[in-house]
Amino acid sequence: MSAHCMLTGAQPGFGNRVSHSHRRTSRRFDPNIQSKRYWLPSEGRHVRLRLSAKGIKTVDAIGVEAAVARIRARGVRV
């Protein structure tokens with residue numbers, strides 16, 4: 001799935017568009033996914049992470065090492 005955060009697991013939500021006449025058609029609420037490159041000092045390399053805006057704030061708060069550890073604990077390859 002393309003619109004998916006590696007850290008928080010945020011993924012699209014689904015709902016309905018409701019027109020003025022109240023007809024309903026399906027729509028998608030995509031998370032704000034950004035691709036961001038971080039320096040990983042323990043491995044001496046850069047890693048590119050696909051994160052939501054909330055995920056980027058989480059990395060800023062806990063650090064890139066802890067964030068990569070959480071991502072790997074979820075079973076995602078970095």
# chains A, B, ... in the order shown; residues from 1 in each chain; ligands from 1
call {"tool": "select_by_dssp", "arguments": {"residues": "chain A", "states": "strand (DSSP E or B)", "output": "list in words"}}
result
Gly13, Phe14, Gly15, Asn16, Arg17, Val18, Arg24, Thr25, Ser26, Arg27, Arg28, Phe29, Ile33, Gln34, Ser35, Lys36, Arg37, Tyr38, Trp39, Leu40, Arg45, His46, Val47, Arg48, Leu49, Arg50, Leu51 and Ser52 of chain A
call {"tool": "residues_around", "arguments": {"residues": "region 50-57 of chain A", "least_positions_apart": "4", "cutoff": "12 Å", "atoms": "only C-alpha atoms", "output": "number ranges by chain"}}
result
A: 1-12, 30-38, 61-64, 67-68, 70-71, 76-78
call {"tool": "select_by_dssp", "arguments": {"residues": "region 1-65 of chain A", "states": "helix (DSSP H, G or I)", "output": "list of chain:residue names"}}
result
A:Ala53, A:Lys54, A:Gly55, A:Ile56, A:Lys57, A:Thr58, A:Val59, A:Asp60, A:Ala61, A:Ile62, A:Val64, A:Glu65
call {"tool": "closest_residue", "arguments": {"among": "A:Phe14, A:Thr58, A:Glu65, A:Thr25", "to": "Trp39 (chain A)", "atoms": "only C-alpha atoms"}}
result
A:Glu65
call {"tool": "atom_distance", "arguments": {"atom1": "CA of Val59 (chain A)", "atom2": "CA of Arg28 (chain A)"}}
result
26.3 Å
call {"tool": "atom_distance", "arguments": {"atom1": "CA of Arg27 (chain A)", "atom2": "CA of Gly13 (chain A)"}}
result
8.7 Å
call {"tool": "closest_residue", "arguments": {"among": "A:Arg23, A:Ala66, A:Gly15, A:Gly75", "to": "Leu40 (chain A)", "atoms": "only C-alpha atoms"}}
result
A:Ala66
call {"tool": "decode", "arguments": {"residues": "region 50-61 of chain A", "atoms": "N, CA, C and O atoms", "output": "mmCIF file, in the first residue's frame"}}
result
data_model
loop_
_atom_site.group_PDB
_atom_site.id
_atom_site.type_symbol
_atom_site.label_atom_id
_atom_site.label_comp_id
_atom_site.auth_asym_id
_atom_site.auth_seq_id
_atom_site.Cartn_x
_atom_site.Cartn_y
_atom_site.Cartn_z
ATOM 1 N N ARG A 50 9.363 6.447 4.658
ATOM 2 C CA ARG A 50 8.080 7.018 4.221
ATOM 3 C C ARG A 50 7.221 7.182 5.473
ATOM 4 O O ARG A 50 6.713 6.201 6.016
ATOM 5 N N LEU A 51 7.113 8.433 5.928
ATOM 6 C CA LEU A 51 6.469 8.726 7.211
ATOM 7 C C LEU A 51 5.310 9.691 7.033
ATOM 8 O O LEU A 51 5.325 10.536 6.137
ATOM 9 N N SER A 52 4.334 9.582 7.919
ATOM 10 C CA SER A 52 3.275 10.591 7.990
ATOM 11 C C SER A 52 3.848 11.804 8.718
ATOM 12 O O SER A 52 4.931 11.741 9.317
ATOM 13 N N ALA A 53 3.128 12.910 8.668
ATOM 14 C CA ALA A 53 3.587 14.123 9.355
ATOM 15 C C ALA A 53 3.731 13.853 10.853
ATOM 16 O O ALA A 53 4.678 14.315 11.495
ATOM 17 N N LYS A 54 2.808 13.062 11.422
ATOM 18 C CA LYS A 54 2.910 12.704 12.840
ATOM 19 C C LYS A 54 4.139 11.823 13.084
ATOM 20 O O LYS A 54 4.805 11.939 14.116
ATOM 21 N N GLY A 55 4.457 10.938 12.128
ATOM 22 C CA GLY A 55 5.633 10.081 12.249
ATOM 23 C C GLY A 55 6.928 10.886 12.250
ATOM 24 O O GLY A 55 7.870 10.568 12.984
ATOM 25 N N ILE A 56 6.978 11.949 11.445
ATOM 26 C CA ILE A 56 8.161 12.816 11.404
ATOM 27 C C ILE A 56 8.350 13.503 12.752
ATOM 28 O O ILE A 56 9.464 13.588 13.271
ATOM 29 N N LYS A 57 7.246 13.961 13.346
ATOM 30 C CA LYS A 57 7.328 14.596 14.663
ATOM 31 C C LYS A 57 7.774 13.589 15.722
ATOM 32 O O LYS A 57 8.521 13.932 16.639
ATOM 33 N N THR A 58 7.349 12.338 15.589
ATOM 34 C CA THR A 58 7.749 11.292 16.525
ATOM 35 C C THR A 58 9.248 11.039 16.430
ATOM 36 O O THR A 58 9.922 10.895 17.444
ATOM 37 N N VAL A 59 9.782 10.984 15.199
ATOM 38 C CA VAL A 59 11.230 10.791 15.006
ATOM 39 C C VAL A 59 11.992 11.954 15.636
ATOM 40 O O VAL A 59 13.030 11.755 16.277
ATOM 41 N N ASP A 60 11.495 13.172 15.472
ATOM 42 C CA ASP A 60 12.151 14.336 16.074
ATOM 43 C C ASP A 60 12.168 14.230 17.601
ATOM 44 O O ASP A 60 13.115 14.666 18.247
ATOM 45 N N ALA A 61 11.126 13.641 18.176
ATOM 46 C CA ALA A 61 11.028 13.546 19.635
ATOM 47 C C ALA A 61 11.871 12.411 20.206
ATOM 48 O O ALA A 61 12.565 12.602 21.211
#
